[in-house]
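Shown next: protein-v2.txt, given as compact mmCIF, C-alpha atoms.
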# COMPACT_ATOMS: atom_id res chain seq x y z
CA ILE A 1 0.00 0.00 0.00
CA VAL A 2 1.39 3.39 -0.98
CA ILE A 3 0.57 6.21 1.43
CA PRO A 4 1.48 9.48 -0.30
CA ASN A 5 2.74 12.56 1.45
CA PHE A 6 0.34 15.41 0.92
CA VAL A 7 -0.85 18.74 2.24
CA ASP A 8 -4.46 19.40 3.23
CA THR A 9 -5.45 22.16 0.82
CA THR A 10 -8.66 22.81 2.72
CA ILE A 11 -6.51 24.17 5.57
CA PHE A 12 -3.39 25.34 3.75
CA LYS A 13 -4.62 27.75 1.09
CA PRO A 14 -4.06 31.38 0.11
CA THR A 15 -5.84 33.89 2.34
CA SER A 16 -5.56 37.59 3.01
CA PRO A 17 -2.27 38.65 4.59
CA THR A 18 -2.13 38.38 8.36
CA LYS A 19 1.13 40.23 8.94
CA SER A 20 -0.27 42.50 11.65
CA GLU A 21 -1.11 39.42 13.73
CA PHE A 22 2.65 38.85 14.02
CA GLY A 23 3.62 42.46 14.73
CA MET A 24 4.47 43.42 11.17
CA ASN A 25 3.10 45.99 8.75
CA GLU A 26 1.21 44.90 5.65
CA ASP A 27 3.82 46.60 3.44
CA ASP A 28 6.73 44.70 5.04
CA PHE A 29 8.33 42.05 2.83
CA VAL A 30 8.34 38.97 5.05
CA ILE A 31 10.68 36.02 4.58
CA LEU A 32 9.50 32.95 6.49
CA TYR A 33 11.73 30.20 7.87
CA PRO A 34 9.24 27.48 8.96
CA ARG A 35 11.80 25.12 10.50
CA ASN A 36 13.27 24.13 13.81
CA ILE A 37 16.53 25.85 14.61
CA SER A 38 19.12 23.20 13.78
CA LEU A 39 22.20 22.67 11.66
CA ALA A 40 20.47 20.10 9.43
CA ARG A 41 17.63 22.53 8.70
CA GLY A 42 20.12 25.18 7.56
CA PHE A 43 19.79 27.72 10.34
CA PRO A 44 23.38 28.97 9.76
CA ILE A 45 22.38 29.96 6.21
CA LEU A 46 19.40 31.84 7.63
CA ILE A 47 21.69 33.83 9.94
CA ASP A 48 23.75 34.98 6.94
CA LEU A 49 20.56 35.92 5.08
CA ILE A 50 19.27 37.89 8.07
CA LYS A 51 22.55 39.81 8.37
CA TYR A 52 22.61 40.66 4.65
CA PHE A 53 18.98 41.60 4.04
CA THR A 54 18.40 43.59 7.25
CA LYS A 55 21.43 45.76 6.41
CA LYS A 56 20.48 46.33 2.76
CA PHE A 57 16.68 46.60 2.81
CA ASP A 58 14.57 48.35 5.43
CA GLN A 59 11.33 46.72 4.26
CA ILE A 60 12.51 43.12 4.68
CA LYS A 61 11.67 41.26 7.88
CA PHE A 62 12.08 37.65 8.93
CA LEU A 63 9.56 35.37 10.59
CA ILE A 64 10.79 32.17 12.25
CA ALA A 65 8.30 29.46 13.19
CA GLY A 66 9.82 26.47 14.94
CA ARG A 67 11.31 25.71 18.28
CA SER A 68 12.78 28.99 19.49
CA LEU A 69 16.21 29.54 20.97
CA GLN A 70 14.74 29.60 24.47
CA GLU A 71 13.12 26.21 23.95
CA ILE A 72 16.37 24.64 22.79
CA GLY A 73 18.53 25.75 25.70
CA SER A 74 21.79 27.54 26.29
CA ASP A 75 24.18 25.63 24.03
CA LYS A 76 27.14 27.83 23.02
CA TYR A 77 26.14 27.80 19.33
CA PHE A 78 22.61 28.97 20.06
CA ARG A 79 23.85 31.68 22.42
CA PHE A 80 25.86 32.99 19.46
CA VAL A 81 22.80 32.85 17.20
CA LYS A 82 20.72 34.72 19.78
CA LYS A 83 23.43 37.39 20.04
CA VAL A 84 23.38 37.93 16.25
CA ILE A 85 19.58 38.21 16.19
CA ASP A 86 19.57 40.61 19.16
CA GLU A 87 22.04 42.84 17.31
CA VAL A 88 19.84 42.88 14.21
CA ASN A 89 16.76 43.66 16.32
CA ARG A 90 18.42 46.47 18.28
CA SER A 91 16.68 49.34 16.50
CA GLU A 92 13.46 47.59 15.47
CA ASN A 93 11.92 44.15 15.35
CA ARG A 94 13.37 42.84 12.08
CA VAL A 95 13.29 39.18 13.18
CA VAL A 96 10.26 37.69 14.90
CA PHE A 97 10.57 34.33 16.66
CA LEU A 98 7.24 32.59 17.07
CA GLY A 99 8.59 29.46 18.72
CA SER A 100 6.59 26.28 18.24
CA VAL A 101 3.33 26.91 16.40
CA PRO A 102 0.53 24.30 16.46
CA HIS A 103 0.27 22.69 13.03
CA ASN A 104 -3.38 23.67 12.63
CA GLN A 105 -2.32 27.34 12.98
CA MET A 106 0.63 27.29 10.56
CA TRP A 107 -1.56 28.38 7.61
CA LYS A 108 -1.69 31.83 9.23
CA VAL A 109 2.10 31.98 9.42
CA TYR A 110 2.53 31.02 5.76
CA ASN A 111 -0.04 33.59 4.70
CA ALA A 112 1.76 36.30 6.68
CA SER A 113 4.84 35.77 4.52
CA ASP A 114 5.81 36.87 1.04
CA ILE A 115 8.31 34.09 0.39
CA VAL A 116 9.49 30.99 2.24
CA VAL A 117 13.07 29.74 2.61
CA VAL A 118 13.95 26.10 3.27
CA PRO A 119 17.77 26.02 3.45
CA SER A 120 18.25 22.36 4.43
CA LEU A 121 21.86 21.23 4.43
CA PHE A 122 21.14 17.53 4.04
CA SER A 123 18.66 15.35 2.17
CA GLU A 124 15.30 14.85 3.80
CA GLY A 125 12.01 13.19 3.01
CA THR A 126 9.17 15.06 1.35
CA SER A 127 9.24 18.47 2.99
CA PHE A 128 5.87 19.40 4.45
CA SER A 129 7.16 22.97 4.82
CA VAL A 130 7.61 23.20 1.05
CA LEU A 131 4.23 21.63 0.29
CA GLU A 132 2.40 23.85 2.81
CA ALA A 133 4.08 27.01 1.51
CA MET A 134 3.18 26.13 -2.07
CA ALA A 135 -0.42 25.36 -1.04
CA CYS A 136 -0.63 28.84 0.49
CA GLY A 137 0.60 30.32 -2.78
CA LYS A 138 4.02 31.32 -1.51
CA PRO A 139 7.16 31.11 -3.63
CA VAL A 140 9.79 28.85 -2.04
CA VAL A 141 13.55 29.14 -2.24
CA ALA A 142 14.93 25.78 -1.13
CA SER A 143 18.13 23.78 -1.10
CA ASN A 144 18.64 21.50 -4.07
CA VAL A 145 18.88 18.36 -1.93
CA GLY A 146 17.09 15.04 -2.10
CA GLY A 147 13.44 15.11 -1.10
CA ILE A 148 13.03 18.81 -1.75
CA ASN A 149 14.10 18.60 -5.38
CA ASP A 150 11.36 16.03 -5.93
CA ILE A 151 8.77 18.74 -5.22
CA ILE A 152 10.00 21.98 -6.80
CA ILE A 153 10.55 22.51 -10.51
CA ASN A 154 13.40 25.02 -10.51
CA GLY A 155 12.42 28.43 -11.89
CA TYR A 156 8.83 27.30 -12.45
CA THR A 157 7.28 26.39 -9.08
CA GLY A 158 10.07 27.77 -6.91
CA PHE A 159 13.85 28.03 -6.81
CA LEU A 160 16.27 25.22 -6.05
CA VAL A 161 19.75 26.44 -5.10
CA PRO A 162 22.90 24.97 -3.59
CA PRO A 163 22.76 25.14 0.22
CA ASN A 164 24.75 28.33 0.75
CA ALA A 165 23.85 31.91 1.58
CA LYS A 166 25.19 33.38 -1.68
CA ASP A 167 22.86 31.35 -3.91
CA PHE A 168 19.89 31.83 -1.56
CA THR A 169 20.52 35.58 -1.64
CA LYS A 170 20.47 35.67 -5.46
CA ALA A 171 17.16 33.79 -5.65
CA ILE A 172 15.55 35.87 -2.89
CA LEU A 173 16.58 39.08 -4.67
CA ILE A 174 14.90 37.88 -7.88
CA LEU A 175 11.65 37.33 -5.99
CA TYR A 176 11.92 40.52 -3.93
CA LEU A 177 12.65 42.77 -6.88
CA ASN A 178 10.23 41.24 -9.40
CA ASN A 179 6.59 41.03 -8.40
CA GLU A 180 5.59 39.41 -11.72
CA ILE A 181 8.00 36.50 -11.26
CA ARG A 182 6.77 36.11 -7.69
CA LYS A 183 3.12 35.98 -8.85
CA THR A 184 3.84 33.51 -11.67
CA ILE A 185 5.78 31.13 -9.45
CA SER A 186 3.08 31.36 -6.76
CA SER A 187 0.38 30.49 -9.28
CA GLU A 188 2.24 27.54 -10.79
CA ALA A 189 3.25 26.19 -7.36
CA LEU A 190 -0.35 26.34 -6.20
CA LYS A 191 -1.52 24.38 -9.28
CA ILE A 192 1.12 21.68 -8.80
CA VAL A 193 0.46 21.16 -5.10
CA GLN A 194 -3.30 20.99 -5.59
structure tokens encoding of this file:
Amino acid sequence: IVIPNFVDTTIFKPTSPTKSEFGMNEDDFVILYPRNISLARGFPILIDLIKYFTKKFDQIKFLIAGRSLQEIGSDKYFRFVKKVIDEVNRSENRVVFLGSVPHNQMWKVYNASDIVVVPSLFSEGTSFSVLEAMACGKPVVASNVGGINDIIINGYTGFLVPPNAKDFTKAILILYLNNEIRKTISSEALKIVQ
């Protein structure tokens, strides 16, 4: 018996933006990282993206939904990560940690974002984060690693890039600077996931 991985498109679907629910303005450009904070899930790449985009673009903010730094503990690596985020947030809240979000509420988080990043460093199974983002009509920039590259058609339903900050930055800039590309990818991703 084959049991396919899937996303429930009656729950995960495009809705009106809910950015204000997460302390952001509707005109903010929100990049969502819907992953636990871990090496395998590419959190070090996210840190580099946060440093770059918060320095270059005032409108860009980051939303992180997954176990927060406080939930993980005081490991030296995570203390460093927290220090970096605190420095970025010094003048304003550019990075919002939501911590663990119940799965039945994640549709709100996806719909509060403009794009979703999935910077996994290693192969994984079918990524529910990618499927859920696509079902909510959000363009995804993801690592070109096994499991994820079975879902996204590069340049058509999202972007597949090598797992490093430089290539993620290039793909994010394409989506940030070109609303038409963002809309087209969103539309095609939504069709595929449905």
Discussion item. When you count only C-alpha atoms, which of these residues is closest to Ile148 (chain A): A:Ser20, A:Cys136, A:Phe6, A:Pro119?
Written reply: A:Pro119
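Straight-line separation from CA of Gly42 (chain A) to CA of His103 (chain A): 20.7 Å.
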Which polymer residues have any atom within 9 Å of an atom of Glu21 (chain A), counting all atoms listed in the file, with same-chain residues fewer than 2 positions away left out, as a short mmCIF file (atom, residue, chain, number, x, y, z; two decimals) with C-alpha atoms, in the frame of the given file?
data_model
loop_
_atom_site.label_atom_id
_atom_site.label_comp_id
_atom_site.auth_asym_id
_atom_site.auth_seq_id
_atom_site.Cartn_x
_atom_site.Cartn_y
_atom_site.Cartn_z
CA THR A 18 -2.13 38.38 8.36
CA LYS A 19 1.13 40.23 8.94
CA GLY A 23 3.62 42.46 14.73
CA MET A 24 4.47 43.42 11.17
CA LYS A 108 -1.69 31.83 9.23
CA ALA A 112 1.76 36.30 6.68
#
Item to complete: Counting only C-alpha atoms, figure out which residue out of A:Val130, A:Leu160, A:Ala65, A:Ile151 gets nearest to Gln105 (chain A).
Response: A:Ala65
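Counting all atoms listed in the file and comparing A:Phe57, A:Phe43, A:Phe22, A:Tyr33, the residue that lies closest to Ala133 (chain A) is A:Tyr33.
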Worksheet item: How far is it from CA of Pro14 (chain A) to CA of Gln59 (chain A), in Å with one decimal?
Response: 22.1 Å
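The closest residue to Leu63 (chain A), picked from A:Phe12, A:Phe29, A:Phe159, A:Phe168 and counting all atoms listed in the file, is A:Phe29.
Between CA of Thr184 (chain A) and CA of Asn149 (chain A) the separation is 19.2 Å.
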Worksheet entry | Polymer residues at most 10 Å from Asn144 (chain A), only C-alpha atoms, same-chain spacing of 2 or more positions, as a PyMOL selection string | chain A and resi 118-123+141-142+146-150+152+154+159-163
Discussion item. For Ser129 (chain A), find every residue with an atom within 9 Å (counting all atoms listed in the file), except residues of its own chain fewer than 5 positions away, and show them as a ChimeraX atom specification.
Written reply: /A:34-35,116,118,134
Worksheet item: When distances are computed from only C-alpha atoms, which of A:Ile1, A:Val117, A:Ile11, A:Val101 shows the smallest separation from Ala165 (chain A)?
Response: A:Val117
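Once Arg94 (chain A) and its same-chain neighbours fewer than 5 positions away are set aside, Met24, Ile50, Thr54, Asp58, Gln59, Ile60, Lys61, Phe62, Leu63, Ile85, Val88 and Asn89 of chain A remain within 9 Å of it when counting only C-alpha atoms.
Nearest residue to Gln194 (chain A), choosing from A:Gly137, A:Leu49, A:Ala40, A:Trp107 and counting all atoms listed in the file: A:Gly137.
Near Asp48 (chain A), within 10 Å and counting all atoms listed in the file, sit Phe43, Pro44, Tyr52, Phe53, Val84, Asn164, Ala165, Lys166, Phe168 and Thr169 of chain A, not including residues fewer than 4 positions from it in the same chain.
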As a PDB file, in the coordinates of the input, the rebuilt region 85-96 of chain A with all heavy atoms:
ATOM      1  N   ILE A  85      20.960  37.746  16.385  1.00  0.00           N
ATOM      2  CA  ILE A  85      19.580  38.210  16.190  1.00  0.00           C
ATOM      3  C   ILE A  85      19.294  39.436  17.043  1.00  0.00           C
ATOM      4  O   ILE A  85      18.656  40.391  16.591  1.00  0.00           O
ATOM      5  CB  ILE A  85      18.571  37.086  16.499  1.00  0.00           C
ATOM      6  CG1 ILE A  85      18.793  35.892  15.573  1.00  0.00           C
ATOM      7  CG2 ILE A  85      17.141  37.591  16.398  1.00  0.00           C
ATOM      8  CD1 ILE A  85      18.719  36.194  14.108  1.00  0.00           C
ATOM      9  N   ASP A  86      19.766  39.446  18.280  1.00  0.00           N
ATOM     10  CA  ASP A  86      19.570  40.610  19.160  1.00  0.00           C
ATOM     11  C   ASP A  86      20.208  41.855  18.564  1.00  0.00           C
ATOM     12  O   ASP A  86      19.652  42.949  18.659  1.00  0.00           O
ATOM     13  CB  ASP A  86      20.116  40.330  20.557  1.00  0.00           C
ATOM     14  CG  ASP A  86      19.255  39.362  21.355  1.00  0.00           C
ATOM     15  OD1 ASP A  86      18.103  39.115  20.936  1.00  0.00           O
ATOM     16  OD2 ASP A  86      19.733  38.850  22.377  1.00  0.00           O
ATOM     17  N   GLU A  87      21.375  41.698  17.947  1.00  0.00           N
ATOM     18  CA  GLU A  87      22.040  42.840  17.310  1.00  0.00           C
ATOM     19  C   GLU A  87      21.217  43.373  16.141  1.00  0.00           C
ATOM     20  O   GLU A  87      21.075  44.574  15.966  1.00  0.00           O
ATOM     21  CB  GLU A  87      23.442  42.451  16.846  1.00  0.00           C
ATOM     22  CG  GLU A  87      24.423  42.291  17.986  1.00  0.00           C
ATOM     23  CD  GLU A  87      25.762  41.726  17.541  1.00  0.00           C
ATOM     24  OE1 GLU A  87      25.979  41.575  16.314  1.00  0.00           O
ATOM     25  OE2 GLU A  87      26.591  41.438  18.423  1.00  0.00           O
ATOM     26  N   VAL A  88      20.670  42.475  15.348  1.00  0.00           N
ATOM     27  CA  VAL A  88      19.840  42.880  14.210  1.00  0.00           C
ATOM     28  C   VAL A  88      18.580  43.589  14.703  1.00  0.00           C
ATOM     29  O   VAL A  88      18.135  44.567  14.110  1.00  0.00           O
ATOM     30  CB  VAL A  88      19.463  41.641  13.348  1.00  0.00           C
ATOM     31  CG1 VAL A  88      18.374  41.982  12.354  1.00  0.00           C
ATOM     32  CG2 VAL A  88      20.692  41.098  12.645  1.00  0.00           C
ATOM     33  N   ASN A  89      18.020  43.111  15.796  1.00  0.00           N
ATOM     34  CA  ASN A  89      16.760  43.660  16.320  1.00  0.00           C
ATOM     35  C   ASN A  89      16.943  44.900  17.182  1.00  0.00           C
ATOM     36  O   ASN A  89      15.967  45.430  17.684  1.00  0.00           O
ATOM     37  CB  ASN A  89      16.024  42.593  17.134  1.00  0.00           C
ATOM     38  CG  ASN A  89      15.229  41.647  16.262  1.00  0.00           C
ATOM     39  OD1 ASN A  89      14.965  41.940  15.110  1.00  0.00           O
ATOM     40  ND2 ASN A  89      14.846  40.527  16.816  1.00  0.00           N
ATOM     41  N   ARG A  90      18.153  45.378  17.349  1.00  0.00           N
ATOM     42  CA  ARG A  90      18.420  46.470  18.280  1.00  0.00           C
ATOM     43  C   ARG A  90      17.540  47.698  18.025  1.00  0.00           C
ATOM     44  O   ARG A  90      16.928  48.236  18.932  1.00  0.00           O
ATOM     45  CB  ARG A  90      19.892  46.866  18.212  1.00  0.00           C
ATOM     46  CG  ARG A  90      20.284  47.869  19.293  1.00  0.00           C
ATOM     47  CD  ARG A  90      21.774  48.065  19.350  1.00  0.00           C
ATOM     48  NE  ARG A  90      22.394  46.838  19.838  1.00  0.00           N
ATOM     49  CZ  ARG A  90      23.588  46.409  19.455  1.00  0.00           C
ATOM     50  NH1 ARG A  90      24.284  47.098  18.584  1.00  0.00           N
ATOM     51  NH2 ARG A  90      24.096  45.308  19.937  1.00  0.00           N
ATOM     52  N   SER A  91      17.441  48.125  16.771  1.00  0.00           N
ATOM     53  CA  SER A  91      16.680  49.340  16.500  1.00  0.00           C
ATOM     54  C   SER A  91      15.199  49.080  16.261  1.00  0.00           C
ATOM     55  O   SER A  91      14.366  49.897  16.574  1.00  0.00           O
ATOM     56  CB  SER A  91      17.287  50.078  15.299  1.00  0.00           C
ATOM     57  OG  SER A  91      17.239  49.248  14.155  1.00  0.00           O
ATOM     58  N   GLU A  92      14.865  47.933  15.694  1.00  0.00           N
ATOM     59  CA  GLU A  92      13.460  47.590  15.470  1.00  0.00           C
ATOM     60  C   GLU A  92      13.342  46.080  15.333  1.00  0.00           C
ATOM     61  O   GLU A  92      14.329  45.392  15.156  1.00  0.00           O
ATOM     62  CB  GLU A  92      12.903  48.299  14.229  1.00  0.00           C
ATOM     63  CG  GLU A  92      13.610  47.951  12.950  1.00  0.00           C
ATOM     64  CD  GLU A  92      12.983  48.608  11.742  1.00  0.00           C
ATOM     65  OE1 GLU A  92      11.866  48.211  11.373  1.00  0.00           O
ATOM     66  OE2 GLU A  92      13.626  49.497  11.173  1.00  0.00           O
ATOM     67  N   ASN A  93      12.146  45.592  15.398  1.00  0.00           N
ATOM     68  CA  ASN A  93      11.920  44.150  15.350  1.00  0.00           C
ATOM     69  C   ASN A  93      11.981  43.643  13.921  1.00  0.00           C
ATOM     70  O   ASN A  93      10.971  43.517  13.252  1.00  0.00           O
ATOM     71  CB  ASN A  93      10.556  43.826  15.989  1.00  0.00           C
ATOM     72  CG  ASN A  93      10.643  42.659  16.924  1.00  0.00           C
ATOM     73  OD1 ASN A  93      11.726  42.272  17.352  1.00  0.00           O
ATOM     74  ND2 ASN A  93       9.505  42.085  17.244  1.00  0.00           N
ATOM     75  N   ARG A  94      13.171  43.314  13.452  1.00  0.00           N
ATOM     76  CA  ARG A  94      13.370  42.840  12.080  1.00  0.00           C
ATOM     77  C   ARG A  94      13.232  41.325  11.984  1.00  0.00           C
ATOM     78  O   ARG A  94      13.028  40.786  10.912  1.00  0.00           O
ATOM     79  CB  ARG A  94      14.741  43.256  11.562  1.00  0.00           C
ATOM     80  CG  ARG A  94      14.997  44.753  11.547  1.00  0.00           C
ATOM     81  CD  ARG A  94      14.141  45.493  10.547  1.00  0.00           C
ATOM     82  NE  ARG A  94      14.344  45.087   9.177  1.00  0.00           N
ATOM     83  CZ  ARG A  94      15.314  45.527   8.398  1.00  0.00           C
ATOM     84  NH1 ARG A  94      16.192  46.406   8.832  1.00  0.00           N
ATOM     85  NH2 ARG A  94      15.407  45.100   7.157  1.00  0.00           N
ATOM     86  N   VAL A  95      13.403  40.638  13.128  1.00  0.00           N
ATOM     87  CA  VAL A  95      13.290  39.180  13.180  1.00  0.00           C
ATOM     88  C   VAL A  95      12.312  38.819  14.280  1.00  0.00           C
ATOM     89  O   VAL A  95      12.491  39.215  15.431  1.00  0.00           O
ATOM     90  CB  VAL A  95      14.653  38.511  13.453  1.00  0.00           C
ATOM     91  CG1 VAL A  95      14.512  36.994  13.487  1.00  0.00           C
ATOM     92  CG2 VAL A  95      15.688  38.938  12.419  1.00  0.00           C
ATOM     93  N   VAL A  96      11.267  38.086  13.922  1.00  0.00           N
ATOM     94  CA  VAL A  96      10.260  37.690  14.900  1.00  0.00           C
ATOM     95  C   VAL A  96      10.321  36.170  15.081  1.00  0.00           C
ATOM     96  O   VAL A  96      10.156  35.425  14.119  1.00  0.00           O
ATOM     97  CB  VAL A  96       8.836  38.112  14.452  1.00  0.00           C
ATOM     98  CG1 VAL A  96       7.782  37.612  15.420  1.00  0.00           C
ATOM     99  CG2 VAL A  96       8.764  39.628  14.293  1.00  0.00           C
TER     100      VAL A  96
END
